[in-house]
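Have a look at final_31.txt; it's compact mmCIF, C-alpha atoms:
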# COMPACT_ATOMS: atom_id res chain seq x y z
CA MET A 1 31.30 53.83 -58.05
CA ARG A 2 29.54 56.98 -59.10
CA LEU A 3 25.98 56.64 -60.33
CA ASN A 4 24.25 59.11 -62.63
CA VAL A 5 20.51 58.75 -62.83
CA THR A 6 17.59 61.01 -63.64
CA VAL A 7 15.06 60.84 -60.84
CA ASN A 8 11.67 62.49 -61.17
CA GLY A 9 13.02 64.65 -63.98
CA GLU A 10 16.11 65.81 -62.13
CA ALA A 11 19.67 64.69 -62.94
CA ARG A 12 21.09 63.15 -59.76
CA GLN A 13 24.45 61.78 -58.79
CA ALA A 14 25.39 59.36 -56.05
CA ASP A 15 28.96 58.60 -55.01
CA ASP A 16 30.52 55.60 -53.28
CA VAL A 17 27.72 53.38 -54.49
CA TRP A 18 28.53 49.73 -53.81
CA GLU A 19 28.22 47.74 -57.06
CA GLY A 20 25.92 45.16 -55.52
CA GLU A 21 23.41 47.48 -53.88
CA SER A 22 19.93 47.96 -55.20
CA LEU A 23 18.36 50.94 -56.87
CA LEU A 24 15.97 51.00 -53.91
CA TYR A 25 18.87 51.50 -51.51
CA VAL A 26 20.26 54.30 -53.67
CA LEU A 27 16.89 56.07 -53.78
CA ARG A 28 16.21 55.81 -50.05
CA GLU A 29 19.63 56.05 -48.45
CA ARG A 30 21.69 58.09 -50.90
CA LEU A 31 19.20 60.34 -52.67
CA GLY A 32 16.85 61.04 -49.76
CA LEU A 33 13.73 59.63 -51.42
CA PRO A 34 12.13 57.33 -48.82
CA GLY A 35 8.77 57.09 -50.61
CA SER A 36 9.64 53.73 -52.15
CA LYS A 37 9.47 51.27 -49.28
CA ASN A 38 11.89 48.54 -48.33
CA ALA A 39 10.08 45.46 -47.09
CA CYS A 40 10.88 42.06 -48.60
CA GLU A 41 13.98 42.79 -50.71
CA GLN A 42 13.05 39.88 -52.98
CA GLY A 43 10.42 41.24 -55.34
CA GLU A 44 7.54 39.60 -53.49
CA CYS A 45 5.76 42.61 -52.02
CA GLY A 46 5.90 45.39 -54.61
CA SER A 47 6.37 48.12 -51.98
CA CYS A 48 9.44 49.43 -53.80
CA THR A 49 7.77 49.72 -57.22
CA VAL A 50 9.11 52.58 -59.34
CA TYR A 51 9.15 53.38 -63.04
CA LEU A 52 12.48 52.55 -64.68
CA ASP A 53 12.55 54.11 -68.15
CA GLY A 54 8.75 54.11 -68.04
CA THR A 55 8.30 50.49 -66.93
CA PRO A 56 7.18 49.55 -63.41
CA VAL A 57 9.76 47.39 -61.67
CA CYS A 58 10.72 46.34 -58.18
CA SER A 59 13.60 48.71 -57.43
CA CYS A 60 14.99 46.21 -54.91
CA LEU A 61 15.78 43.88 -57.84
CA VAL A 62 17.57 46.46 -59.99
CA ALA A 63 21.30 46.63 -59.35
CA ALA A 64 22.30 50.25 -58.88
CA GLY A 65 24.68 50.12 -61.83
CA GLN A 66 21.89 48.92 -64.10
CA ALA A 67 20.14 52.26 -63.56
CA GLU A 68 23.12 54.30 -64.85
CA GLY A 69 21.82 56.87 -67.31
CA CYS A 70 18.22 55.74 -66.84
CA GLU A 71 15.08 57.69 -65.98
CA VAL A 72 13.50 56.75 -62.68
CA ARG A 73 10.12 57.99 -61.52
CA THR A 74 9.21 57.31 -57.92
CA VAL A 75 6.00 57.89 -56.00
CA GLU A 76 7.44 61.29 -55.06
CA GLY A 77 7.38 62.22 -58.74
CA LEU A 78 3.68 61.60 -59.38
CA ALA A 79 2.20 64.74 -57.83
CA GLU A 80 2.56 68.16 -59.44
CA GLY A 81 3.52 70.43 -56.60
CA ASP A 82 0.71 70.26 -54.05
CA GLN A 83 -1.64 68.76 -56.61
CA LEU A 84 -1.85 65.03 -55.97
CA ASP A 85 -2.05 62.67 -58.93
CA ARG A 86 -5.58 61.29 -59.44
CA VAL A 87 -4.45 57.87 -58.17
CA GLN A 88 -3.05 59.39 -54.96
CA GLN A 89 -6.16 61.52 -54.43
CA SER A 90 -8.38 58.50 -55.00
CA PHE A 91 -6.47 56.47 -52.40
CA VAL A 92 -7.16 59.32 -49.93
CA ASP A 93 -10.82 59.68 -50.90
CA ALA A 94 -11.54 55.94 -50.89
CA GLY A 95 -9.84 55.39 -47.53
CA ALA A 96 -7.45 52.95 -49.18
CA VAL A 97 -4.56 53.77 -46.84
CA GLN A 98 -4.22 51.94 -43.54
CA CYS A 99 -0.66 51.64 -42.20
CA GLY A 100 0.48 53.12 -45.50
CA PHE A 101 3.53 50.96 -46.04
CA CYS A 102 2.28 49.30 -49.23
CA THR A 103 0.66 52.48 -50.54
CA PRO A 104 3.55 53.95 -52.58
CA GLY A 105 4.07 50.72 -54.50
CA LEU A 106 0.36 50.26 -55.09
CA VAL A 107 0.00 53.86 -56.24
CA VAL A 108 2.76 53.44 -58.82
CA ALA A 109 1.36 50.08 -60.00
CA ALA A 110 -2.15 51.54 -60.30
CA HIS A 111 -0.79 54.66 -62.02
CA ASP A 112 0.83 52.42 -64.65
CA LEU A 113 -2.34 50.38 -65.10
CA LEU A 114 -4.50 53.45 -65.77
CA LYS A 115 -1.94 54.76 -68.24
CA ARG A 116 -2.18 51.51 -70.21
CA VAL A 117 -5.85 50.67 -69.58
CA PRO A 118 -8.00 53.75 -68.93
CA ASN A 119 -11.11 51.78 -67.89
CA PRO A 120 -9.88 48.53 -66.37
CA SER A 121 -12.19 45.68 -65.43
CA ASP A 122 -11.95 44.24 -61.91
CA PRO A 123 -9.91 41.24 -63.12
CA GLU A 124 -7.56 43.65 -64.90
CA ILE A 125 -7.12 45.67 -61.70
CA ARG A 126 -6.48 42.53 -59.66
CA GLU A 127 -3.97 41.26 -62.19
CA ALA A 128 -2.14 44.60 -62.36
CA LEU A 129 -1.87 44.78 -58.56
CA ALA A 130 -1.05 41.09 -58.07
CA GLY A 131 2.57 41.90 -57.28
CA ASN A 132 1.73 44.28 -54.42
CA LEU A 133 0.95 42.98 -50.96
CA CYS A 134 -1.02 44.84 -48.28
CA ARG A 135 -0.40 43.32 -44.86
CA CYS A 136 -3.37 45.23 -43.47
CA THR A 137 -5.37 43.32 -46.11
CA GLY A 138 -7.16 46.49 -47.18
CA TYR A 139 -7.62 45.26 -50.71
CA GLU A 140 -11.31 46.12 -51.12
CA LYS A 141 -10.69 49.82 -50.48
CA ILE A 142 -7.64 49.70 -52.73
CA LEU A 143 -9.80 48.31 -55.54
CA ASP A 144 -12.33 51.08 -54.80
CA ALA A 145 -9.55 53.66 -55.12
CA VAL A 146 -8.42 52.37 -58.51
CA ARG A 147 -12.01 52.24 -59.79
CA LEU A 148 -12.49 55.82 -58.54
CA ALA A 149 -9.26 57.04 -60.14
CA ALA A 150 -10.37 55.55 -63.46
CA THR A 151 -13.44 57.82 -63.43
CA ARG A 152 -11.36 61.00 -62.93
CA MET B 1 32.92 44.00 -56.57
CA GLU B 2 33.33 45.01 -60.19
CA PHE B 3 30.40 46.15 -62.28
CA LEU B 4 30.89 45.33 -65.95
CA ARG B 5 28.65 47.13 -68.39
CA PRO B 6 29.18 45.93 -71.97
CA THR B 7 27.17 47.63 -74.71
CA SER B 8 27.45 44.94 -77.38
CA LEU B 9 27.49 41.15 -77.47
CA ALA B 10 31.14 41.15 -78.57
CA GLU B 11 32.05 43.26 -75.55
CA ALA B 12 29.98 41.06 -73.25
CA LEU B 13 31.75 37.90 -74.46
CA GLU B 14 35.14 39.57 -74.03
CA ALA B 15 34.17 40.59 -70.51
CA LYS B 16 32.94 37.09 -69.61
CA SER B 17 36.10 35.55 -71.02
CA ALA B 18 38.31 37.92 -69.01
CA ASN B 19 36.14 37.51 -65.88
CA PRO B 20 34.77 33.97 -65.88
CA ASP B 21 33.64 34.44 -62.24
CA ALA B 22 31.43 37.40 -63.18
CA VAL B 23 27.74 36.71 -62.57
CA PRO B 24 25.58 37.76 -65.52
CA ILE B 25 22.60 39.89 -64.50
CA ALA B 26 19.68 40.74 -66.78
CA GLY B 27 16.34 41.29 -65.03
CA GLY B 28 17.96 40.73 -61.65
CA THR B 29 14.92 38.89 -60.29
CA ASP B 30 17.09 35.97 -59.09
CA VAL B 31 20.57 37.49 -58.80
CA MET B 32 19.51 40.53 -56.73
CA VAL B 33 17.67 38.37 -54.22
CA GLU B 34 20.92 36.50 -53.60
CA LEU B 35 22.84 39.77 -53.22
CA ASN B 36 20.23 41.42 -51.00
CA PHE B 37 20.27 38.45 -48.63
CA ASP B 38 24.05 38.08 -48.61
CA HIS B 39 23.83 34.63 -50.13
CA ARG B 40 26.29 35.53 -52.82
CA ARG B 41 29.20 37.94 -53.19
CA PRO B 42 30.47 37.53 -56.74
CA ALA B 43 33.74 39.15 -57.79
CA ALA B 44 31.87 40.97 -60.54
CA LEU B 45 28.42 41.57 -61.97
CA LEU B 46 28.07 41.48 -65.74
CA ASP B 47 25.10 43.65 -66.68
CA LEU B 48 23.47 42.45 -69.89
CA ASN B 49 20.77 45.12 -70.07
CA ARG B 50 22.71 47.27 -72.51
CA VAL B 51 23.41 44.45 -74.95
CA GLY B 52 20.78 45.20 -77.57
CA GLU B 53 21.35 41.94 -79.47
CA LEU B 54 19.99 39.95 -76.52
CA ALA B 55 16.68 41.84 -76.38
CA GLU B 56 15.44 40.95 -79.87
CA TRP B 57 13.50 38.05 -81.35
CA SER B 58 13.27 37.03 -84.97
CA VAL B 59 11.69 34.49 -87.28
CA THR B 60 14.15 32.00 -88.76
CA ALA B 61 13.90 29.29 -91.41
CA THR B 62 13.13 26.70 -88.73
CA GLY B 63 11.14 28.65 -86.14
CA THR B 64 11.70 31.48 -83.71
CA ARG B 65 14.97 32.79 -82.29
CA LEU B 66 14.22 34.38 -78.93
CA GLY B 67 16.97 36.61 -77.56
CA ALA B 68 17.92 35.56 -74.04
CA GLY B 69 17.12 39.03 -72.70
CA VAL B 70 13.57 39.50 -74.00
CA PRO B 71 11.42 40.08 -70.89
CA TYR B 72 8.34 37.95 -70.20
CA THR B 73 6.01 40.92 -70.72
CA ARG B 74 7.16 41.14 -74.34
CA ILE B 75 6.86 37.38 -74.90
CA ILE B 76 3.25 37.59 -73.73
CA ALA B 77 2.46 40.67 -75.82
CA GLU B 78 4.37 39.80 -78.99
CA LEU B 79 4.75 36.02 -79.21
CA GLY B 80 1.48 34.50 -77.98
CA ASP B 81 0.64 33.30 -81.51
CA ARG B 82 4.06 31.90 -82.43
CA LEU B 83 4.99 30.48 -79.02
CA PRO B 84 1.69 29.77 -77.24
CA GLY B 85 3.12 27.43 -74.60
CA LEU B 86 5.95 29.74 -73.68
CA ALA B 87 3.56 32.71 -73.52
CA MET B 88 1.27 30.73 -71.17
CA ALA B 89 4.19 29.88 -68.91
CA SER B 90 5.38 33.50 -69.04
CA ARG B 91 1.96 34.68 -67.83
CA THR B 92 2.40 32.63 -64.64
CA VAL B 93 5.78 34.16 -63.76
CA GLY B 94 5.77 36.31 -60.61
CA SER B 95 3.92 39.57 -60.99
CA PRO B 96 3.74 42.37 -63.58
CA GLN B 97 6.85 43.96 -62.09
CA ILE B 98 8.76 40.67 -62.27
CA ARG B 99 7.55 39.91 -65.81
CA ASN B 100 8.73 43.37 -66.90
CA ARG B 101 12.29 42.41 -65.95
CA GLY B 102 12.63 38.62 -65.94
CA THR B 103 13.85 36.75 -69.02
CA VAL B 104 14.00 33.19 -70.36
CA GLY B 105 17.79 33.56 -70.48
CA GLY B 106 17.67 34.21 -66.75
CA ASN B 107 15.40 31.23 -66.14
CA LEU B 108 17.92 29.04 -67.97
CA GLY B 109 20.94 30.66 -66.31
CA ALA B 110 19.46 30.07 -62.85
CA SER B 111 18.45 26.51 -63.83
CA SER B 112 16.16 26.17 -60.84
CA PRO B 113 14.01 23.07 -61.32
CA ALA B 114 11.05 25.32 -60.43
CA GLY B 115 11.69 27.80 -63.26
CA ASP B 116 8.40 28.35 -65.05
CA THR B 117 9.57 28.12 -68.65
CA HIS B 118 11.48 24.83 -68.44
CA PRO B 119 8.55 22.41 -68.99
CA VAL B 120 7.56 24.23 -72.18
CA LEU B 121 11.15 24.45 -73.43
CA LEU B 122 11.42 20.66 -72.98
CA ALA B 123 8.06 19.96 -74.61
CA THR B 124 8.82 22.15 -77.62
CA ASP B 125 12.36 20.83 -78.31
CA ALA B 126 14.02 24.17 -77.62
CA VAL B 127 17.69 24.62 -78.40
CA VAL B 128 19.80 26.90 -76.21
CA GLU B 129 22.27 29.07 -78.11
CA VAL B 130 25.34 29.92 -76.03
CA ALA B 131 28.35 31.95 -77.08
CA SER B 132 31.85 32.77 -75.96
CA VAL B 133 34.87 34.36 -77.61
CA ARG B 134 35.60 30.80 -78.78
CA GLY B 135 32.43 30.60 -80.81
CA VAL B 136 28.74 29.69 -80.71
CA ARG B 137 27.26 26.35 -79.53
CA GLU B 138 23.73 25.07 -79.73
CA ILE B 139 22.69 22.85 -76.83
CA PRO B 140 19.49 20.78 -77.12
CA ILE B 141 17.38 21.59 -74.08
CA GLY B 142 17.47 17.98 -72.88
CA GLU B 143 21.24 18.26 -72.47
CA PHE B 144 21.24 21.69 -70.85
CA TYR B 145 20.09 20.91 -67.30
CA ARG B 146 22.80 19.15 -65.30
CA GLY B 147 21.61 19.23 -61.69
CA VAL B 148 19.97 21.50 -59.12
CA LYS B 149 20.80 24.99 -60.36
CA ARG B 150 23.51 23.59 -62.63
CA ASN B 151 23.66 23.63 -66.40
CA ALA B 152 25.90 22.91 -69.37
CA LEU B 153 27.37 26.43 -69.63
CA GLU B 154 31.14 26.78 -69.57
CA PRO B 155 32.50 29.58 -67.33
CA ASP B 156 33.29 31.84 -70.30
CA GLU B 157 29.92 31.34 -72.00
CA LEU B 158 26.75 33.43 -72.03
CA ILE B 159 23.28 32.32 -73.04
CA THR B 160 22.47 34.37 -76.14
CA ALA B 161 19.20 32.96 -77.46
CA ILE B 162 16.65 30.18 -77.37
CA HIS B 163 15.63 28.57 -80.65
CA LEU B 164 12.06 27.30 -80.69
CA PRO B 165 11.26 25.12 -83.70
CA GLU B 166 8.10 25.80 -85.67
CA GLY B 167 5.62 23.72 -83.69
CA GLY B 168 2.49 23.77 -85.76
CA GLY B 169 0.53 22.01 -83.03
CA PRO B 170 -1.30 23.13 -79.90
CA GLN B 171 0.67 23.70 -76.70
CA GLN B 172 -0.41 23.93 -73.08
CA PHE B 173 1.12 24.78 -69.72
CA SER B 174 -0.21 24.38 -66.21
CA LYS B 175 1.23 25.12 -62.80
CA VAL B 176 0.18 24.40 -59.24
CA GLY B 177 0.70 27.06 -56.57
CA THR B 178 -1.00 28.55 -53.55
CA ARG B 179 -2.24 31.57 -55.48
CA ASN B 180 -2.21 32.78 -59.07
CA ALA B 181 0.50 35.42 -58.67
CA MET B 182 3.95 35.46 -57.05
CA VAL B 183 4.14 31.73 -56.74
CA ILE B 184 7.07 29.37 -57.05
CA ALA B 185 5.64 26.28 -58.69
CA VAL B 186 4.75 23.35 -56.44
CA CYS B 187 4.85 21.47 -59.72
CA SER B 188 4.27 22.42 -63.35
CA PHE B 189 3.76 20.73 -66.67
CA GLY B 190 4.03 21.64 -70.33
CA VAL B 191 2.78 19.67 -73.32
CA ALA B 192 3.22 20.27 -77.05
CA LEU B 193 1.74 18.36 -79.97
CA HIS B 194 4.02 17.97 -82.99
CA PRO B 195 1.62 16.83 -85.74
CA ALA B 196 4.25 17.10 -88.48
CA ASP B 197 5.80 13.88 -87.22
CA ASN B 198 3.04 12.66 -84.86
CA ARG B 199 5.00 13.32 -81.68
CA VAL B 200 4.10 14.64 -78.24
CA GLY B 201 6.46 16.67 -76.05
CA ALA B 202 6.00 16.56 -72.27
CA GLY B 203 8.04 18.53 -69.73
CA ILE B 204 7.84 18.44 -65.92
CA GLY B 205 8.87 21.29 -63.62
CA SER B 206 9.56 21.49 -59.89
CA ALA B 207 9.38 17.74 -59.30
CA GLY B 208 13.00 16.62 -59.43
CA PRO B 209 16.55 17.98 -59.24
CA THR B 210 16.19 19.27 -62.81
CA PRO B 211 13.29 19.86 -65.16
CA ILE B 212 12.38 16.45 -66.57
CA ARG B 213 11.18 15.16 -69.90
CA ALA B 214 8.47 12.51 -69.51
CA VAL B 215 9.77 10.22 -72.25
CA ASP B 216 7.49 7.22 -71.66
CA ALA B 217 4.44 9.47 -71.51
CA GLU B 218 5.49 11.15 -74.77
CA ARG B 219 5.89 7.81 -76.53
CA PHE B 220 2.62 6.44 -75.18
CA ALA B 221 0.61 9.47 -76.28
CA ALA B 222 2.24 9.61 -79.70
CA GLU B 223 1.20 6.01 -80.34
CA GLU B 224 -2.30 6.22 -78.89
CA LEU B 225 -3.48 9.48 -80.45
CA SER B 226 -5.43 9.20 -83.70
CA TRP B 227 -3.44 11.82 -85.60
CA ASP B 228 -4.93 11.35 -89.08
CA SER B 229 -8.60 11.36 -88.11
CA PRO B 230 -8.70 12.85 -84.60
CA LYS B 231 -11.22 11.25 -82.29
CA PRO B 232 -11.96 12.56 -78.82
CA LEU B 233 -9.33 11.58 -76.28
CA THR B 234 -10.56 8.63 -74.22
CA ASP B 235 -10.50 8.89 -70.46
CA ALA B 236 -8.29 5.79 -70.30
CA VAL B 237 -5.61 7.31 -72.54
CA ALA B 238 -5.66 10.64 -70.71
CA ARG B 239 -5.34 8.87 -67.35
CA ARG B 240 -2.55 6.58 -68.49
CA PHE B 241 -0.69 9.61 -69.86
CA GLY B 242 -1.07 11.26 -66.44
CA GLU B 243 0.23 8.14 -64.68
CA LEU B 244 3.28 7.97 -66.92
CA VAL B 245 4.04 11.67 -66.34
CA ALA B 246 3.75 11.17 -62.58
CA ALA B 247 6.03 8.14 -62.83
CA ALA B 248 8.69 10.18 -64.63
CA ALA B 249 8.86 12.74 -61.82
CA THR B 250 11.34 12.37 -58.96
CA PRO B 251 9.91 14.82 -56.42
CA ILE B 252 10.85 15.34 -52.80
CA ASP B 253 8.93 16.50 -49.73
CA ASP B 254 9.68 20.17 -49.06
CA VAL B 255 8.07 23.34 -47.72
CA ARG B 256 5.97 23.78 -50.84
CA GLY B 257 4.48 20.30 -50.95
CA THR B 258 5.00 16.58 -50.49
CA ALA B 259 6.37 14.22 -53.09
CA ALA B 260 3.09 12.31 -53.09
CA TYR B 261 1.08 15.48 -53.68
CA ARG B 262 3.37 16.54 -56.51
CA ARG B 263 3.01 13.19 -58.27
CA HIS B 264 -0.75 13.29 -57.92
CA ALA B 265 -0.99 16.91 -59.09
CA LEU B 266 1.25 16.19 -62.08
CA SER B 267 -0.97 13.34 -63.20
CA VAL B 268 -3.95 15.72 -63.08
CA LEU B 269 -2.11 18.53 -64.89
CA ALA B 270 -0.90 16.10 -67.57
CA ARG B 271 -4.36 14.64 -68.12
CA ARG B 272 -5.98 18.08 -68.36
CA THR B 273 -3.39 19.74 -70.58
CA LEU B 274 -3.27 16.82 -73.02
CA THR B 275 -7.08 16.90 -73.18
CA TRP B 276 -7.10 20.65 -73.93
CA ALA B 277 -4.32 20.38 -76.51
CA TRP B 278 -5.95 17.43 -78.25
CA LYS B 279 -9.32 19.21 -78.38
CA ASP B 280 -7.58 22.14 -80.08
CA TYR B 281 -5.91 19.79 -82.52
CA ALA B 282 -9.13 17.93 -83.31
CA ARG B 283 -10.99 21.19 -83.91
CA CYS B 284 -8.41 22.43 -86.40
CA ALA B 285 -7.66 19.12 -88.11

Let me see whether you can do it: turn the structure in this file into structure tokens.
Amino acid sequence: MRLNVTVNGEARQADDVWEGESLLYVLRERLGLPGSKNACEQGECGSCTVYLDGTPVCSCLVAAGQAEGCEVRTVEGLAEGDQLDRVQQSFVDAGAVQCGFCTPGLVVAAHDLLKRVPNPSDPEIREALAGNLCRCTGYEKILDAVRLAATR
Amino acid sequence: MEFLRPTSLAEALEAKSANPDAVPIAGGTDVMVELNFDHRRPAALLDLNRVGELAEWSVTATGTRLGAGVPYTRIIAELGDRLPGLAMASRTVGSPQIRNRGTVGGNLGASSPAGDTHPVLLATDAVVEVASVRGVREIPIGEFYRGVKRNALEPDELITAIHLPEGGGPQQFSKVGTRNAMVIAVCSFGVALHPADNRVGAGIGSAGPTPIRAVDAERFAAEELSWDSPKPLTDAVARRFGELVAAAATPIDDVRGTAAYRRHALSVLARRTLTWAWKDYARCA
């Protein structure tokens, strides 16, 4: 089937989409946006987190056809040109990136948190990031990054 | 595979009637896992996300009508006062991303004994509203679960709503898992006090082939509690309630825990949640 979806503000089209494939697969393999990562494919790890019509979701659990006509914002759509979003810059400045695989999902989840809660408490940060796993276990620096982003 | 995309309930029921093998998909948090891992190749997917009627809740003469497609995030944000037990259970589902997509309709459709909302639905006497082109049926929750991942739905039916009667009394939910987030319940328990007719509802999750109502525990608590002039719950009553809940469970040993552990944990959850609920009741009475 043909899929029409707005990604990072741009109307995109993908052809020959299999009805059962995920939005994550469409983004990575058909639209050339590999920022969202494919790890668990069961919603456990959060590495594929994107905004779907403004709501953070695991794109591996959205059937491609469910995204028809929707607005998707991926980690690639957070920066303005060369200007990183404050969450991205804070991850760099706080040293919150190790292998980097979980980073895109965490950045989107943290971006959403700060939109909803400008000055989150530590429990609020932990709760908001509870669906994102970091196999390097770099959680302390990740918390530092979110706290730093909240001050910017 | 076909992808069916109805935009109204009438269209969705037509589509399900014409394609009884179609698998309904709302939040996708169960269905997509099966597709991603090749565990399932349905002839068609029936996307319910565009059916606006399913994503609404309303107050009725007898309680709350919760559309099957209202995501957990909205239940937590909008219904914590009307449906406290269900909101508590919703808070323990998955992660923020999962709660943004997952729905009670999906929990019921999947009918996994480990589904987080089942114990509360049992404890609060929920009624499942299902519809087809043939008409609408209301199924009491106790008759809905029919086996591991099986339920009372006919092939042409869709779950449209869950009716939750006006409770009036305190409700509690508790769940055991290895961490707070992203956990499939090792076991779970929901309790609801129904002071209008001096009843207690008690539902068990993840400790049997289906969610289970702890009938003997309900009856025991209803008789022992001092409804008219609430006194503090005695340790003996709380413990006996826990024992009866544990006795109602039919758990197995599996990767998440042993049967013995589940029974023990359920007795603790039951004792604690009844104590909390009764304290709330006594404070307000």

### Query
When you draw a straight line from CA of Tyr25 (chain A) to CA of Leu158 (chain B), how long is it in Å?
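Going from CA of Tyr25 (chain A) over to CA of Leu158 (chain B), I get 28.5 Å.
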
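Between Asn36 (chain B) and the residues A:Leu129, A:Met1, A:Leu106, A:Leu61, the shortest atom-to-atom distance, using all atoms listed in the file, involves A:Leu61.
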
### Residue list for chain B near chain A as number ranges by chain, 9 Å, all atoms listed in the file
B: 1-5, 25-37, 41-42, 44-45, 47-50, 94-101, 180-182

### Query
Could you pull the residues within 9 Å of Pro195 (chain B), counting only C-alpha atoms, minus those fewer than 5 positions along the same chain, as a PyMOL selection string?
chain B and resi 167-169+200+227+281

### Query
Within 9 Å of region 72-85 of chain A, counting all atoms listed in the file, which residues qualify if same-chain residues fewer than 5 places away don't, as JSON, numbers by chain?
{"A": [5, 6, 7, 8, 9, 27, 33, 34, 35, 36, 48, 49, 50, 51, 52, 53, 54, 67, 90, 104, 105, 107, 108, 111]}

Quick one: what's the axis-aligned box for region 112-125 of chain B, all listed atoms, 8 Å on every side, centre and edges in Å to one decimal, as AutoDock Vina command-line options?
--center_x 11.9 --center_y 24.2 --center_z -69.4 --size_x 24.6 --size_y 24.4 --size_z 33.9

### Query
From the list B:Ala222, B:Gly109, B:Pro6, B:Arg256, which residue is nearest Arg146 (chain B) when using all atoms listed in the file?
B:Gly109

#### Entry: Ala202 (chain B) environment, 8 Å, all atoms listed in the file, sequence neighbours closer than 4 positions dropped, as a VMD selection string
chain B and resid 119 to 120 122 to 123 189 to 192 213 to 215 217 to 218 245

### Query
In Å to one decimal, how far is CA of Leu121 (chain B) from CA of Ile76 (chain B)?
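If I compute the distance from CA of Ile76 (chain B) to CA of Leu121 (chain B), I get 15.3 Å.
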
Mind completing region 51-66 of chain B with N, CA and C atoms? Output as a PDB file, in the frame of the given file, please?
ATOM      1  N   VAL B  51      23.046  45.223 -73.751  1.00  0.00           N
ATOM      2  CA  VAL B  51      23.410  44.450 -74.950  1.00  0.00           C
ATOM      3  C   VAL B  51      22.158  44.284 -75.807  1.00  0.00           C
ATOM      4  N   GLY B  52      22.007  45.166 -76.777  1.00  0.00           N
ATOM      5  CA  GLY B  52      20.780  45.200 -77.570  1.00  0.00           C
ATOM      6  C   GLY B  52      20.481  43.896 -78.279  1.00  0.00           C
ATOM      7  N   GLU B  53      21.549  43.196 -78.723  1.00  0.00           N
ATOM      8  CA  GLU B  53      21.350  41.940 -79.470  1.00  0.00           C
ATOM      9  C   GLU B  53      20.546  40.913 -78.672  1.00  0.00           C
ATOM     10  N   LEU B  54      20.649  40.969 -77.346  1.00  0.00           N
ATOM     11  CA  LEU B  54      19.990  39.950 -76.520  1.00  0.00           C
ATOM     12  C   LEU B  54      18.494  40.222 -76.368  1.00  0.00           C
ATOM     13  N   ALA B  55      18.072  41.435 -76.668  1.00  0.00           N
ATOM     14  CA  ALA B  55      16.680  41.840 -76.380  1.00  0.00           C
ATOM     15  C   ALA B  55      15.805  41.805 -77.628  1.00  0.00           C
ATOM     16  N   GLU B  56      16.218  41.012 -78.622  1.00  0.00           N
ATOM     17  CA  GLU B  56      15.440  40.950 -79.870  1.00  0.00           C
ATOM     18  C   GLU B  56      14.979  39.524 -80.124  1.00  0.00           C
ATOM     19  N   TRP B  57      13.871  39.384 -80.862  1.00  0.00           N
ATOM     20  CA  TRP B  57      13.500  38.050 -81.350  1.00  0.00           C
ATOM     21  C   TRP B  57      13.302  38.148 -82.848  1.00  0.00           C
ATOM     22  N   SER B  58      13.428  37.018 -83.520  1.00  0.00           N
ATOM     23  CA  SER B  58      13.270  37.030 -84.970  1.00  0.00           C
ATOM     24  C   SER B  58      12.737  35.692 -85.448  1.00  0.00           C
ATOM     25  N   VAL B  59      12.177  35.712 -86.654  1.00  0.00           N
ATOM     26  CA  VAL B  59      11.690  34.490 -87.280  1.00  0.00           C
ATOM     27  C   VAL B  59      12.814  33.930 -88.147  1.00  0.00           C
ATOM     28  N   THR B  60      13.080  32.639 -87.971  1.00  0.00           N
ATOM     29  CA  THR B  60      14.150  32.000 -88.760  1.00  0.00           C
ATOM     30  C   THR B  60      13.528  30.970 -89.703  1.00  0.00           C
ATOM     31  N   ALA B  61      14.382  30.306 -90.463  1.00  0.00           N
ATOM     32  CA  ALA B  61      13.900  29.290 -91.410  1.00  0.00           C
ATOM     33  C   ALA B  61      13.213  28.146 -90.670  1.00  0.00           C
ATOM     34  N   THR B  62      13.646  27.870 -89.432  1.00  0.00           N
ATOM     35  CA  THR B  62      13.130  26.700 -88.730  1.00  0.00           C
ATOM     36  C   THR B  62      12.196  27.036 -87.574  1.00  0.00           C
ATOM     37  N   GLY B  63      12.018  28.320 -87.276  1.00  0.00           N
ATOM     38  CA  GLY B  63      11.140  28.650 -86.140  1.00  0.00           C
ATOM     39  C   GLY B  63      11.379  30.057 -85.643  1.00  0.00           C
ATOM     40  N   THR B  64      11.529  30.171 -84.319  1.00  0.00           N
ATOM     41  CA  THR B  64      11.700  31.480 -83.710  1.00  0.00           C
ATOM     42  C   THR B  64      13.014  31.510 -82.940  1.00  0.00           C
ATOM     43  N   ARG B  65      13.773  32.586 -83.103  1.00  0.00           N
ATOM     44  CA  ARG B  65      14.970  32.790 -82.290  1.00  0.00           C
ATOM     45  C   ARG B  65      14.643  33.875 -81.279  1.00  0.00           C
ATOM     46  N   LEU B  66      14.588  33.463 -80.014  1.00  0.00           N
ATOM     47  CA  LEU B  66      14.220  34.380 -78.930  1.00  0.00           C
ATOM     48  C   LEU B  66      15.482  34.817 -78.211  1.00  0.00           C
TER      49      LEU B  66
END
